[in-house]
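Pasting my_file27.cif here (mmCIF, C-alpha atoms):
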data_protein
#
loop_
_atom_site.label_atom_id
_atom_site.label_comp_id
_atom_site.auth_asym_id
_atom_site.auth_seq_id
_atom_site.Cartn_x
_atom_site.Cartn_y
_atom_site.Cartn_z
CA MET A 282 0.00 0.00 0.00
CA ARG A 283 2.82 2.36 0.85
CA LEU A 284 4.41 1.66 -2.48
CA ILE A 285 1.27 2.81 -4.25
CA ARG A 286 1.31 6.00 -2.25
CA LEU A 287 4.94 6.49 -3.22
CA ILE A 288 4.19 6.55 -6.93
CA PRO A 289 2.85 10.12 -7.11
CA ILE A 290 5.66 11.12 -4.79
CA ALA A 291 8.16 9.65 -7.20
CA LEU A 292 6.73 11.79 -9.96
CA LEU A 293 6.78 14.82 -7.70
CA CYS A 294 10.41 14.20 -6.94
CA VAL A 295 11.27 15.00 -10.51
CA ALA A 296 9.85 18.45 -9.92
CA VAL A 297 11.04 18.87 -6.34
CA PRO A 298 14.58 17.65 -6.55
CA LEU A 299 15.94 18.52 -3.16
CA LEU A 300 14.02 16.23 -0.85
CA ALA A 301 16.19 14.19 1.44
CA HIS A 302 17.56 11.33 -0.52
CA ASN A 303 19.35 9.23 2.02
CA VAL A 304 17.76 6.05 3.15
CA ALA A 305 15.03 7.47 5.39
CA ALA A 306 15.96 7.82 9.04
CA ARG A 307 13.39 5.34 10.25
CA ASP A 308 14.59 2.73 7.80
CA ALA A 309 18.14 3.47 8.87
CA ALA A 310 17.22 2.75 12.47
CA PHE A 311 15.70 -0.53 11.38
CA LEU A 312 18.76 -1.50 9.38
CA LYS A 313 21.10 -0.75 12.25
CA GLN A 314 19.17 -3.08 14.50
CA SER A 315 18.76 -5.83 11.96
CA GLN A 316 20.91 -8.91 12.24
CA GLY A 317 21.26 -11.71 9.73
CA THR A 318 19.64 -12.13 6.38
CA GLN A 319 16.39 -10.23 5.91
CA ILE A 320 15.34 -10.70 2.34
CA PHE A 321 12.08 -8.82 2.13
CA PRO A 322 12.95 -5.75 4.20
CA PHE A 323 16.04 -5.19 2.06
CA LEU A 324 14.11 -5.90 -1.13
CA TYR A 325 11.58 -3.29 -0.12
CA LEU A 326 14.26 -0.77 0.86
CA GLY A 327 16.04 -1.19 -2.46
CA ALA A 328 12.83 -0.60 -4.37
CA LYS A 329 11.89 2.34 -2.17
CA HIS A 330 15.30 3.89 -2.60
CA MET A 331 14.98 3.74 -6.38
CA VAL A 332 11.36 4.89 -6.58
CA THR A 333 12.04 7.87 -4.31
CA GLY A 334 15.56 8.56 -5.63
CA TYR A 335 15.09 11.63 -7.81
CA ASP A 336 18.68 11.58 -9.08
CA HIS A 337 18.37 8.05 -10.43
CA LEU A 338 14.92 8.84 -11.83
CA LEU A 339 16.10 12.00 -13.59
CA PHE A 340 18.87 10.07 -15.29
CA LEU A 341 16.48 7.28 -16.29
CA PHE A 342 14.05 9.88 -17.59
CA GLY A 343 16.78 11.41 -19.74
CA VAL A 344 17.94 8.03 -21.01
CA ILE A 345 14.55 6.90 -22.27
CA PHE A 346 13.42 10.33 -23.41
CA PHE A 347 13.91 9.59 -27.11
CA LEU A 348 13.69 5.79 -26.99
CA TYR A 349 10.52 4.90 -28.84
CA ARG A 350 10.95 1.16 -29.15
CA LEU A 351 10.58 -1.04 -26.12
CA LYS A 352 13.57 -3.06 -27.32
CA ASP A 353 15.82 0.01 -27.09
CA VAL A 354 14.47 0.80 -23.64
CA ALA A 355 15.32 -2.73 -22.55
CA VAL A 356 18.87 -2.50 -23.93
CA TYR A 357 19.64 0.82 -22.25
CA VAL A 358 18.05 -0.11 -18.95
CA THR A 359 20.05 -3.33 -18.96
CA CYS A 360 23.25 -1.32 -19.48
CA PHE A 361 22.30 0.92 -16.56
CA ALA A 362 21.33 -2.01 -14.33
CA ALA A 363 24.53 -3.92 -15.15
CA GLY A 364 26.61 -0.86 -14.32
CA HIS A 365 25.04 0.00 -11.01
CA SER A 366 24.70 -3.60 -9.84
CA LEU A 367 28.41 -4.20 -10.40
CA THR A 368 29.59 -1.27 -8.30
CA LEU A 369 26.86 -1.68 -5.68
CA LEU A 370 27.88 -5.28 -4.99
CA ALA A 371 31.62 -4.76 -5.42
CA GLY A 372 31.60 -1.52 -3.45
CA VAL A 373 29.85 -2.87 -0.37
CA ILE A 374 31.57 -6.27 -0.35
CA SER A 375 35.07 -4.88 -0.84
CA GLY A 376 34.41 -2.06 1.61
CA VAL A 377 35.73 0.56 -0.80
CA HIS A 378 34.45 3.85 0.53
CA VAL A 379 33.96 6.59 -2.03
CA ASN A 380 33.13 10.10 -0.89
CA PRO A 381 29.31 10.26 -1.13
CA TYR A 382 29.31 13.97 -2.05
CA LEU A 383 31.61 13.36 -5.01
CA VAL A 384 29.63 10.33 -6.14
CA ASP A 385 26.37 12.28 -5.91
CA ALA A 386 27.96 15.18 -7.80
CA LEU A 387 28.97 12.74 -10.54
CA ILE A 388 25.41 11.41 -10.59
CA GLY A 389 24.33 15.02 -11.15
CA LEU A 390 26.83 15.16 -14.01
CA SER A 391 25.27 12.03 -15.52
CA VAL A 392 21.93 13.87 -15.60
CA VAL A 393 23.58 16.85 -17.29
CA TYR A 394 25.28 14.57 -19.80
CA LYS A 395 22.08 12.82 -20.82
CA ALA A 396 20.07 16.02 -21.19
CA PHE A 397 22.90 17.63 -23.19
CA ASP A 398 23.06 14.55 -25.40
CA ASN A 399 19.28 14.68 -25.91
CA LEU A 400 19.70 18.25 -27.11
CA ASN A 401 22.20 16.94 -29.69
CA GLY A 402 24.83 18.96 -27.87
CA PHE A 403 27.79 16.72 -28.63
CA ARG A 404 27.17 16.54 -32.34
CA THR A 405 26.68 20.27 -32.59
CA LEU A 406 29.58 21.31 -30.44
CA ALA A 407 32.13 18.55 -30.89
CA GLY A 408 31.00 16.98 -34.13
CA PHE A 409 30.71 13.52 -32.63
CA GLU A 410 28.53 11.75 -30.09
CA PRO A 411 30.03 9.52 -27.39
CA ASN A 412 28.60 6.01 -27.65
CA PRO A 413 25.41 6.41 -25.60
CA LYS A 414 25.24 2.78 -24.51
CA LEU A 415 28.79 2.88 -23.16
CA MET A 416 28.08 6.19 -21.43
CA VAL A 417 24.95 4.79 -19.78
CA LEU A 418 26.95 1.77 -18.65
CA GLY A 419 29.73 4.03 -17.33
CA PHE A 420 27.40 6.32 -15.46
CA GLY A 421 25.58 3.20 -14.25
CA LEU A 422 28.83 2.33 -12.46
CA VAL A 423 28.74 5.74 -10.78
CA HIS A 424 25.12 5.35 -9.70
CA GLY A 425 26.06 1.97 -8.19
CA PHE A 426 28.74 3.61 -6.06
CA GLY A 427 26.07 6.06 -4.95
CA LEU A 428 23.83 3.19 -3.86
CA ALA A 429 26.80 1.54 -2.14
CA THR A 430 27.70 4.63 -0.10
CA LYS A 431 24.10 4.91 1.11
CA LEU A 432 24.22 1.33 2.37
CA GLN A 433 27.71 1.71 3.83
CA ASP A 434 26.63 4.77 5.80
CA LEU A 435 24.35 2.47 7.75
CA HIS A 436 27.15 0.27 9.08
CA LEU A 437 25.37 -2.92 8.25
CA SER A 438 26.09 -5.97 10.30
CA THR A 439 28.45 -8.34 8.52
CA LYS A 440 26.11 -11.22 9.32
CA GLY A 441 24.05 -12.01 6.26
CA LEU A 442 25.57 -9.07 4.40
CA VAL A 443 25.74 -10.71 0.99
CA GLY A 444 22.16 -11.96 1.13
CA ASN A 445 20.91 -8.57 2.26
CA LEU A 446 22.94 -6.84 -0.39
CA ILE A 447 21.56 -9.02 -3.18
CA SER A 448 18.03 -8.48 -1.85
CA PHE A 449 18.66 -4.73 -1.88
CA ASN A 450 19.97 -4.94 -5.43
CA VAL A 451 16.98 -6.97 -6.65
CA GLY A 452 14.77 -4.43 -4.91
CA VAL A 453 16.53 -1.61 -6.75
CA GLU A 454 15.75 -3.31 -10.08
CA CYS A 455 12.10 -3.83 -9.07
CA GLY A 456 11.85 -0.19 -8.09
CA GLN A 457 13.43 0.75 -11.39
CA LEU A 458 10.85 -1.28 -13.32
CA ILE A 459 8.02 0.39 -11.39
CA ALA A 460 9.44 3.86 -12.01
CA LEU A 461 10.20 3.03 -15.62
CA SER A 462 6.69 1.87 -16.41
CA ILE A 463 5.24 5.07 -15.01
CA ILE A 464 7.73 7.26 -16.89
CA LEU A 465 7.06 5.31 -20.10
CA LEU A 466 3.30 5.69 -19.71
CA ALA A 467 3.66 9.42 -19.26
CA MET A 468 6.14 9.69 -22.13
CA THR A 469 3.90 7.78 -24.52
CA TRP A 470 1.06 10.12 -23.77
CA TRP A 471 3.34 13.15 -24.08
CA ARG A 472 4.82 12.05 -27.40
CA GLY A 473 1.30 11.85 -28.80
CA THR A 474 0.73 15.54 -28.20
CA SER A 475 1.37 17.90 -31.09
CA ASP A 476 3.91 20.14 -29.42
CA PHE A 477 6.11 17.33 -28.11
CA VAL A 478 9.25 18.31 -30.03
CA LYS A 479 9.04 21.90 -28.88
CA HIS A 480 8.46 20.79 -25.29
CA ALA A 481 11.20 18.20 -25.57
CA VAL A 482 13.84 20.90 -25.93
CA ALA A 483 12.51 22.82 -22.94
CA ALA A 484 12.19 19.65 -20.88
CA ASN A 485 15.78 18.66 -21.50
CA VAL A 486 17.00 22.15 -20.65
CA VAL A 487 15.10 21.82 -17.36
CA VAL A 488 16.56 18.37 -16.73
CA MET A 489 20.03 19.75 -17.45
CA THR A 490 19.37 22.59 -14.99
CA LEU A 491 18.39 20.09 -12.32
CA GLY A 492 21.54 18.10 -13.05
CA PHE A 493 23.70 21.19 -12.61
CA LEU A 494 21.78 22.00 -9.43
CA LEU A 495 22.42 18.52 -8.04
CA MET A 496 26.12 18.96 -8.81
CA GLY A 497 26.23 22.34 -7.06
CA TYR A 498 24.32 21.02 -4.09
CA GLN A 499 26.67 18.08 -3.60
CA LEU A 500 29.87 20.01 -4.32
CA THR A 501 28.87 22.63 -1.75
CA GLY A 502 28.48 19.82 0.75
CA TYR A 503 31.85 18.42 -0.25
CA TYR A 504 33.71 21.70 0.14
CA THR A 505 32.04 22.77 3.37
CA GLY A 506 32.13 19.28 4.84
CA ARG A 507 28.67 19.84 6.24
CA ALA A 508 25.85 17.38 6.21
CA ALA A 509 22.88 18.65 4.26
CA MET B 36 23.26 3.03 -34.14
CA SER B 37 22.06 5.13 -31.29
CA ALA B 38 19.01 6.90 -30.08
CA SER B 39 20.07 9.81 -32.23
CA SER B 40 18.62 8.18 -35.33
CA VAL B 41 15.18 8.71 -33.83
CA THR B 42 15.93 11.97 -32.04
CA PRO B 43 13.35 14.39 -33.33
CA VAL B 44 15.26 17.37 -32.00
CA MET B 45 16.85 19.08 -35.00
CA LEU B 46 20.57 19.63 -34.86
CA PRO B 47 20.58 22.97 -33.08
CA SER B 48 22.83 25.80 -34.18
CA ARG B 49 25.91 26.39 -32.06
CA SER B 50 24.51 29.58 -30.63
CA ALA B 51 21.12 28.05 -29.81
CA LEU B 52 22.83 25.17 -28.04
CA LEU B 53 25.17 27.45 -26.08
CA LYS B 54 22.18 29.53 -25.06
CA ARG B 55 20.43 26.42 -23.72
CA LEU B 56 23.56 25.25 -21.94
CA GLY B 57 24.26 28.68 -20.48
CA GLY B 58 20.63 29.15 -19.49
CA ALA B 59 20.61 25.84 -17.64
CA LEU B 60 23.88 26.67 -15.87
CA LEU B 61 22.72 30.15 -14.86
CA ALA B 62 19.34 28.92 -13.64
CA ALA B 63 21.00 26.16 -11.60
CA LEU B 64 23.50 28.62 -10.14
CA ALA B 65 20.73 31.06 -9.20
CA ILE B 66 18.65 28.37 -7.48
CA LEU B 67 21.77 27.09 -5.73
CA LEU B 68 22.85 30.51 -4.42
CA LEU B 69 19.38 31.83 -3.59
CA PHE B 70 17.67 28.77 -2.19
CA VAL B 71 19.69 25.60 -1.75
CA MET B 72 22.79 26.99 -0.06
CA PRO B 73 20.87 29.04 2.53
CA ALA B 74 18.30 26.33 3.23
CA GLU B 75 20.61 23.34 3.30
CA TYR B 76 23.98 24.67 4.43
CA GLN B 77 23.32 28.03 6.12
CA ILE B 78 25.51 29.69 3.52
CA ASP B 79 23.92 32.91 2.36
CA PRO B 80 26.06 34.64 -0.28
CA THR B 81 23.27 36.96 -1.47
CA GLY B 82 21.44 37.82 1.74
CA PHE B 83 18.29 36.38 0.17
CA GLY B 84 18.27 33.55 2.70
CA LYS B 85 18.15 35.95 5.63
CA LEU B 86 15.50 38.07 3.94
CA THR B 87 13.21 35.12 3.34
CA GLY B 88 13.98 33.10 6.46
CA LEU B 89 15.44 30.22 4.45
CA VAL B 90 18.59 30.31 6.56
CA LYS B 91 16.57 29.54 9.67
CA MET B 92 15.47 26.26 8.12
CA SER B 93 18.91 24.81 8.31
CA GLN B 94 19.47 26.31 11.73
CA THR B 95 16.59 24.46 13.27
CA VAL B 96 17.46 21.32 11.40
CA THR B 97 21.19 21.27 11.88
CA ALA B 98 21.65 23.13 15.15
CA PRO B 99 21.76 19.97 17.26
CA GLN B 100 24.12 18.45 14.72
CA ALA B 101 26.80 21.06 15.26
CA ALA B 102 29.66 19.72 17.34
CA ALA B 103 30.37 23.21 18.72
CA PRO B 104 30.11 23.50 22.50
CA THR B 105 27.80 26.53 22.41
CA PRO B 106 24.16 25.98 21.55
CA VAL B 107 23.25 27.55 18.24
CA MET B 108 19.54 27.66 18.89
CA ASN B 109 18.24 31.20 19.13
CA THR B 110 16.39 30.67 22.35
CA THR B 111 17.21 32.29 25.64
CA ALA B 112 20.60 31.45 27.01
CA ALA B 113 19.33 30.63 30.48
CA HIS B 114 17.11 27.67 31.25
CA THR B 115 15.54 27.21 34.61
CA TYR B 116 13.92 24.05 35.98
CA THR B 117 11.70 23.25 38.90
CA VAL B 118 13.71 20.22 40.00
CA PRO B 119 17.37 19.73 40.82
CA PHE B 120 19.52 18.05 38.18
CA ARG B 121 20.35 14.40 38.53
CA THR B 122 23.63 12.59 37.99
CA ASP B 123 24.12 9.02 36.88
CA GLU B 124 27.11 6.81 36.23
CA ILE B 125 26.43 3.70 34.22
CA ASP B 126 28.50 0.82 32.96
CA ILE B 127 27.14 -0.64 29.76
CA PRO B 128 28.59 -3.95 28.59
CA ILE B 129 28.73 -4.43 24.82
CA GLY B 130 29.47 -7.73 23.10
CA LYS B 131 31.97 -8.38 20.34
CA ASP B 132 30.73 -6.75 17.14
CA GLY B 133 27.76 -5.81 19.31
CA GLU B 134 25.35 -2.94 18.91
CA LEU B 135 23.15 -1.25 21.45
CA GLU B 136 21.17 1.88 22.15
CA TYR B 137 21.29 3.83 25.39
CA LYS B 138 18.73 6.59 25.72
CA VAL B 139 17.17 8.92 28.28
CA ARG B 140 13.85 10.73 28.21
CA MET B 141 13.97 14.53 27.91
CA GLN B 142 11.58 17.44 27.48
CA PRO B 143 12.25 20.16 24.90
CA GLY B 144 14.90 22.50 26.31
CA GLY B 145 16.06 19.88 28.80
CA THR B 146 19.82 19.93 29.24
CA LEU B 147 22.14 16.96 29.38
CA VAL B 148 25.90 16.98 29.94
CA TYR B 149 27.80 13.75 29.38
CA SER B 150 31.13 12.01 29.19
CA TRP B 151 31.69 8.43 28.14
CA LYS B 152 34.76 6.28 27.75
CA CYS B 153 35.41 2.83 26.41
CA PRO B 154 38.69 0.91 26.08
CA GLU B 155 37.73 -0.23 22.56
CA PRO B 156 36.89 1.93 19.52
CA LEU B 157 33.17 2.40 18.87
CA TYR B 158 30.99 3.80 16.13
CA ILE B 159 28.56 6.30 17.66
CA ASP B 160 25.35 7.87 16.48
CA PHE B 161 24.10 10.41 19.05
CA HIS B 162 20.46 10.92 18.19
CA GLY B 163 16.93 11.49 19.35
CA GLU B 164 13.47 10.17 18.59
CA SER B 165 10.51 12.49 18.98
CA ASP B 166 7.44 11.20 20.84
CA LYS B 167 5.42 12.53 17.91
CA ASP B 168 7.33 10.40 15.45
CA PRO B 169 8.69 7.39 17.33
CA GLY B 170 11.09 5.23 15.39
CA ASN B 171 12.29 8.14 13.29
CA ALA B 172 15.80 8.79 14.57
CA VAL B 173 17.20 12.31 14.19
CA SER B 174 20.99 12.26 14.26
CA TYR B 175 22.83 14.93 16.26
CA THR B 176 26.38 13.74 15.67
CA VAL B 177 27.82 10.65 14.06
CA THR B 178 31.35 9.56 14.95
CA GLN B 179 32.94 6.87 12.84
CA GLU B 180 35.38 5.73 15.49
CA ALA B 181 36.13 6.98 19.00
CA LYS B 182 37.04 5.72 22.46
CA GLU B 183 35.52 8.62 24.32
CA GLY B 184 33.03 11.41 23.88
CA HIS B 185 32.12 14.50 25.88
CA GLY B 186 29.38 16.96 25.24
CA SER B 187 26.00 18.33 25.99
CA LEU B 188 22.55 18.41 24.52
CA ILE B 189 19.63 20.76 24.79
CA ALA B 190 16.78 18.54 23.72
CA PRO B 191 15.11 19.95 20.59
CA PHE B 192 11.89 18.02 21.23
CA ALA B 193 10.16 15.80 23.75
CA GLY B 194 11.30 12.24 23.31
CA ILE B 195 14.14 9.88 23.92
CA HIS B 196 17.69 10.98 23.26
CA GLY B 197 20.93 9.07 23.42
CA TRP B 198 23.51 6.91 21.76
CA PHE B 199 23.66 4.09 19.30
CA TYR B 200 26.94 2.29 19.96
CA GLN B 201 28.55 -0.28 17.73
CA ASN B 202 31.57 -2.20 18.92
CA GLN B 203 34.17 -2.10 16.15
CA THR B 204 36.24 -4.95 17.57
CA ASP B 205 35.72 -8.56 18.46
CA HIS B 206 36.34 -8.03 22.15
CA VAL B 207 33.62 -7.81 24.74
CA THR B 208 33.96 -4.44 26.40
CA VAL B 209 32.25 -1.93 28.70
CA ILE B 210 31.22 1.66 28.07
CA HIS B 211 31.47 3.88 31.13
CA LEU B 212 28.91 6.70 30.85
CA LYS B 213 28.51 9.73 33.12
CA MET B 214 25.53 12.03 32.74
CA SER B 215 24.17 15.05 34.55
CA GLY B 216 21.20 17.19 33.76
CA PHE B 217 17.46 17.24 33.41
CA TYR B 218 16.28 13.90 32.10
CA GLN B 219 14.67 10.66 33.13
CA LEU B 220 16.20 7.23 32.94
CA ILE B 221 14.12 4.76 30.99
CA PRO B 222 14.05 1.05 31.63
CA ALA B 223 16.13 -0.93 29.16
CA ASN B 224 13.97 -2.41 26.45
CA PRO B 225 14.44 -6.14 26.30
CA LYS B 226 15.36 -7.32 22.81
#
Whole structure, structure tokens version:
Amino acid sequence: MRLIRLIPIALLCVAVPLLAHNVAARDAAFLKQSQGTQIFPFLYLGAKHMVTGYDHLLFLFGVIFFLYRLKDVAVYVTCFAAGHSLTLLAGVISGVHVNPYLVDALIGLSVVYKAFDNLNGFRTLAGFEPNPKLMVLGFGLVHGFGLATKLQDLHLSTKGLVGNLISFNVGVECGQLIALSIILLAMTWWRGTSDFVKHAVAANVVVMTLGFLLMGYQLTGYYTGRAA
Amino acid sequence: MSASSVTPVMLPSRSALLKRLGGALLAALAILLLFVMPAEYQIDPTGFGKLTGLVKMSQTVTAPQAAAPTPVMNTTAAHTYTVPFRTDEIDIPIGKDGELEYKVRMQPGGTLVYSWKCPEPLYIDFHGESDKDPGNAVSYTVTQEAKEGHGSLIAPFAGIHGWFYQNQTDHVTVIHLKMSGFYQLIPANPK
């Protein structure tokens, strides 16, 4: 039931980008107390994190913006999922700790990149376009580090870590599918409207703005060393 | 090969593209300076945050988080109480790789002064849970690793306030905690 209530919130998050995006405090308290493998709680948390994670959603939104065929959507989303799963699992298991501000700033950059690419920025300015599938895979790796730092912040118990981690990862993919289907529904409707192309330019400029804003927000946190 | 083959956006002219890029950058910078920095970090380069009260948002949210010894909250400096303060010394055993919470009950504005020591390094999350929103922990300070901690708290809300400790070693150890102030002990919750 809560998941259904989260759906409009997820859409809102695209418009209100600066809601708290750490794993919610109450969930954090739960995770700290949890011991051993807890498949469903972690599954749920992974899905919740994705559905309420405006930075991941903005990137996903940019990626599928001009993908009309479901097959293309599947290919790109698989690239993204492969990227972030790899670094999420590797990051938490190996204990590599990346600065969360820098990772989140890079996630902001991924949003800027995709919006800029949608505006045909690379071909206009540089005369070539970086391979979009490789870029989505590469930025997927960055998003995975972002997910990993959020989990690492919680100081999870080492008991049942791998099981919990995999549950979280599966949950992230479920959440992504939920978010994706909603975005796709909205996009299909939007593409059917007559002014779509005109709005598409404006929409990508707005997405790029939000990406820059995310970068500024995180870099300010990095340089001041203050928790937001 | 790529999505570009179906991209309906025409190849923009250089100047149109630069305008879009610059517009996005400027808009982001304006929102960052005017709204996000004052509200989230108490940094107010334009004065707009003070004018609109946005700066106060981060004060009320982050004031208890500040590690500084002086309270940042803009309330009166003096607090008076109808009862004398109490003092407690407690030894809290913690198992290897163990985790536990130790909390006391406080009213808003209640003051607590504390010192704790432990022979082994601990991870500490000093936090509170409001009675209005039980289970939702609000962190005051998080310390990745320490063997002692000293400080004070003026409770920002009615609820339980205290420490989450996590033993970073595989030795059983004991935390020695001293507290003074205006609070109530609560019975340990059996887990």
*asked:* With the PyMOL selection byres ((chain B and resi 130-132) around 8) as the selection, what would be picked from this file? Answer as a VMD selection string, please.
replied: chain B and resid 128 to 129 133 to 134 201 to 208
*Rank nothing, just name the residue among B:Gly82, B:Trp198, B:Ile127, B:Glu183 nearest to chain A, using all atoms listed in the file.*
B:Trp198
*When the cut-off is 6 Å and we count all atoms listed in the file, which residues of chain B are near chain A, given as a ChimeraX atom specification?*
/B:42,59,63,75,170-172
Just C-alpha atoms for this one: save the residues we selected as a CSV table (one decimal), in the frame of the given file.
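Saved result, result.csv, follows:
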chain,number,residue,atom,x,y,z
B,42,THR,CA,15.9,12.0,-32.0
B,59,ALA,CA,20.6,25.8,-17.6
B,63,ALA,CA,21.0,26.2,-11.6
B,75,GLU,CA,20.6,23.3,3.3
B,170,GLY,CA,11.1,5.2,15.4
B,171,ASN,CA,12.3,8.1,13.3
B,172,ALA,CA,15.8,8.8,14.6
*Calculate how many Å separate atom CA of A:Gly389 from atom CA of A:His365, rounding to one decimal.*
15.0 Å
*Can you tell me, as a list in words, what residues are no more than 9 Å from A:Phe321 when counting only C-alpha atoms, ignoring any on the same chain fewer than 3 positions away?*
Leu324, Tyr325, Leu326, Asn445, Ser448, Phe449 and Gly452 of chain A
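Of note, atom CA of B:Leu68 and atom CA of B:Thr81 are spaced 7.1 Å apart.
The list of residues with at least one atom within 7 Å of B:Ser150, based on only C-alpha atoms and without residues fewer than 6 positions apart in the same chain, reads Gly184, His185, Gly186, Leu212, Lys213 and Met214 of chain B.
Atom CA of A:Ala467 to atom CA of A:His424 spans 23.8 Å [interatomic distance, one decimal].
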